[in-house]
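Here is the structure we will look at.
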Amino acid sequence: TIKLITWTLYTFQGSETVGIFAALGNVLGVSHPIMFGISGLIVPGVAKARAEQGLAAARRYAIKLSAIGGTLLLPYFIFLLICPALALRIFAGAHSPYLKYTTELRWFVLQYIAVYLSVVTTALLNGMEAPRWTFMGQLSNAIVSTLFRVPIAALAGLSAAVWSGVLTYGVHVVVNVFGLRAAGKAQEKSSFPPLEQ
């Protein structure tokens with residue numbers, strides 16, 4: 001769906017808008033190693049903790065790792081929210097035409113916060129072996145993106161393409177959280193205590 005937004009901006013707003021969108025995205029790209037590295041640790045760790053200590057321990061493990069990742073990302077995100085012009089100057093240069101897009105960069109930060117929450121909750125679902133709910137979360141993202149984000153990006157341009165991403169990933173997080181509750185209840189019902197010797 002990210003490519004769909006790019007193609008939409010290119011088709012309806014032109015290549016210059018796509019370039020700005022990509023440049024703003026590059027500023028947030030610094031967070032990718034942490035974001036997806038934490039996700040890669042959550043899946044096997046949750047699966048192991050769940051098998052050895054139960055669902056509650058698996059959840060605690062996921063929350064702990066998510067908090068570590070959030071702690072690493074938070075200073076950077078706060079910097080971008082407070083000093084977007086300085087951040088753009090560092091990344092794009094003092095005379096870059098992108099320096100005026102501070103509002104859009106702030107929206108991008110909020111979108112990435114939602115992206116991070118969707119990534120870690122998806123990882124927890126995968127570690128809990130709940131692929132159906134992982135799929136439902138991703139499907140909700142795709143539906144909202146296609147039916148809402150793409151049309152509004154086509155009509156309203158760059159700013160709308162960015163802030164609508166907050167809603168898109170926000171819906172993804174809500175579906176994931178609902179899935180975590182549903183999958184947790186189902187697994188608690190299906191689990192049996194060990195037989196007494």
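Naming works like this for the structure tokens: A, B, ... for the chains as they're shown, residue 1 at the start of each chain, ligands 1 onward in shown order.
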> Could you name the residues that touch A:Val109 at 8 Å or less, counting only C-alpha atoms, but leaving out those on the same chain fewer than 4 positions away, as an MDAnalysis selection string?
Replying inline: chainID A and resid 28 77 80:81 105 113
Written selection (C-alpha atoms) as a short mmCIF file (atom, residue, chain, number, x, y, z; two decimals), in the first residue's frame:
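Output file out26.cif is given in full below:
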```
data_model
loop_
_atom_site.label_atom_id
_atom_site.label_comp_id
_atom_site.auth_asym_id
_atom_site.auth_seq_id
_atom_site.Cartn_x
_atom_site.Cartn_y
_atom_site.Cartn_z
CA LEU A 28 12.01 8.57 9.37
CA PHE A 77 10.77 11.18 17.37
CA LEU A 80 11.60 15.57 14.87
CA LEU A 81 8.38 16.83 16.44
CA LEU A 105 7.18 15.83 8.78
CA ILE A 113 4.49 5.91 15.99
#
```
> A:Gln138: which residues within 9 Å, counting only C-alpha atoms, same-chain residues fewer than 6 positions away excluded, as a list in words?
Replying inline: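 With the cut-off at 9 Å, the set is Thr122, His172, Val175 and Asn176 of chain A.
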Expected file: the selected residues, all heavy atoms, as a PDB file, in the first residue's frame:
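The new file part_31.pdb reads:
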```
ATOM      1  N   THR A 122       1.842  -6.887  15.679  1.00  0.00           N
ATOM      2  CA  THR A 122       1.858  -7.958  14.672  1.00  0.00           C
ATOM      3  C   THR A 122       2.864  -9.029  15.062  1.00  0.00           C
ATOM      4  O   THR A 122       2.595 -10.232  14.939  1.00  0.00           O
ATOM      5  CB  THR A 122       2.192  -7.396  13.280  1.00  0.00           C
ATOM      6  OG1 THR A 122       1.160  -6.488  12.883  1.00  0.00           O
ATOM      7  CG2 THR A 122       2.302  -8.507  12.243  1.00  0.00           C
ATOM      8  N   HIS A 172      -5.048  -0.405  11.949  1.00  0.00           N
ATOM      9  CA  HIS A 172      -4.268  -1.649  12.004  1.00  0.00           C
ATOM     10  C   HIS A 172      -3.972  -2.023  13.462  1.00  0.00           C
ATOM     11  O   HIS A 172      -4.134  -3.189  13.865  1.00  0.00           O
ATOM     12  CB  HIS A 172      -2.974  -1.455  11.219  1.00  0.00           C
ATOM     13  CG  HIS A 172      -2.212  -2.706  10.967  1.00  0.00           C
ATOM     14  ND1 HIS A 172      -1.215  -2.792  10.012  1.00  0.00           N
ATOM     15  CD2 HIS A 172      -2.262  -3.943  11.528  1.00  0.00           C
ATOM     16  CE1 HIS A 172      -0.711  -4.002  10.010  1.00  0.00           C
ATOM     17  NE2 HIS A 172      -1.323  -4.722  10.933  1.00  0.00           N
ATOM     18  N   VAL A 175      -7.195  -3.259  15.280  1.00  0.00           N
ATOM     19  CA  VAL A 175      -7.535  -4.635  14.895  1.00  0.00           C
ATOM     20  C   VAL A 175      -6.564  -5.621  15.534  1.00  0.00           C
ATOM     21  O   VAL A 175      -6.963  -6.684  16.024  1.00  0.00           O
ATOM     22  CB  VAL A 175      -7.550  -4.790  13.362  1.00  0.00           C
ATOM     23  CG1 VAL A 175      -7.739  -6.252  12.951  1.00  0.00           C
ATOM     24  CG2 VAL A 175      -8.660  -3.936  12.757  1.00  0.00           C
ATOM     25  N   ASN A 176      -5.280  -5.276  15.565  1.00  0.00           N
ATOM     26  CA  ASN A 176      -4.290  -6.152  16.203  1.00  0.00           C
ATOM     27  C   ASN A 176      -4.575  -6.342  17.688  1.00  0.00           C
ATOM     28  O   ASN A 176      -4.483  -7.458  18.215  1.00  0.00           O
ATOM     29  CB  ASN A 176      -2.879  -5.581  16.026  1.00  0.00           C
ATOM     30  CG  ASN A 176      -2.271  -5.919  14.679  1.00  0.00           C
ATOM     31  OD1 ASN A 176      -2.883  -6.580  13.850  1.00  0.00           O
ATOM     32  ND2 ASN A 176      -1.063  -5.454  14.446  1.00  0.00           N
TER      33      ASN A 176
END
```
> Which residue out of A:Val166, A:Ala160, A:Val177, A:Ala62 has the minimum interatomic distance to A:Val115 when only C-alpha atoms are used?
Replying inline: A:Val166
>> When you look at A:Leu9 with a cut-off of 10 Å (counting only C-alpha atoms), what residues show up, excluding the ones that are within fewer than 2 positions of it in the same chain? I need them as a list in words.
In response: Lys3, Leu4, Ile5, Thr6, Trp7, Thr11, Phe12, Gln13, Gly14, Ser15, Glu16, Thr17, Val18, Gly19, Phe21, Val150, Ala153, Ala154, Leu155, Ala156, Gly157, Leu158 and Ala161 of chain A
> Can you tell me how far atom CA of A:Phe36 sits from atom CA of A:Ser118, in Å to one decimal?
Replying inline: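 One can read the atom CA of A:Phe36 to atom CA of A:Ser118 distance as 11.1 Å.
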> Which distance in Å separates atom CA of A:Val174 and atom CA of A:Ala23, to one decimal?
Replying inline: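 Rounded to one decimal, the two atoms are 28.7 Å apart.
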> Which residues, written as a PyMOL selection string, have at least one atom at most 12 Å from A:Thr121, with only C-alpha atoms counted and residues fewer than 2 positions away on the same chain left out?
Replying inline: chain A and resi 35-36+38-40+42-43+46+59+62-63+65-66+114-119+123-128+130+133-134+137-138+169-170+172-181
>> Quick one: residues within 7 Å of stretch 89-104 of chain A, only C-alpha atoms, excluding same-chain residues fewer than 6 positions away - as a list in words?
In response: Ile20, Val27, Ser159 and Val162 of chain A
> What gap, in Å, lies between atom CA of A:Gly165 and atom CA of A:Ala142?
Replying inline: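 Separation of atom CA of A:Gly165 and atom CA of A:Ala142: 11.1 Å.
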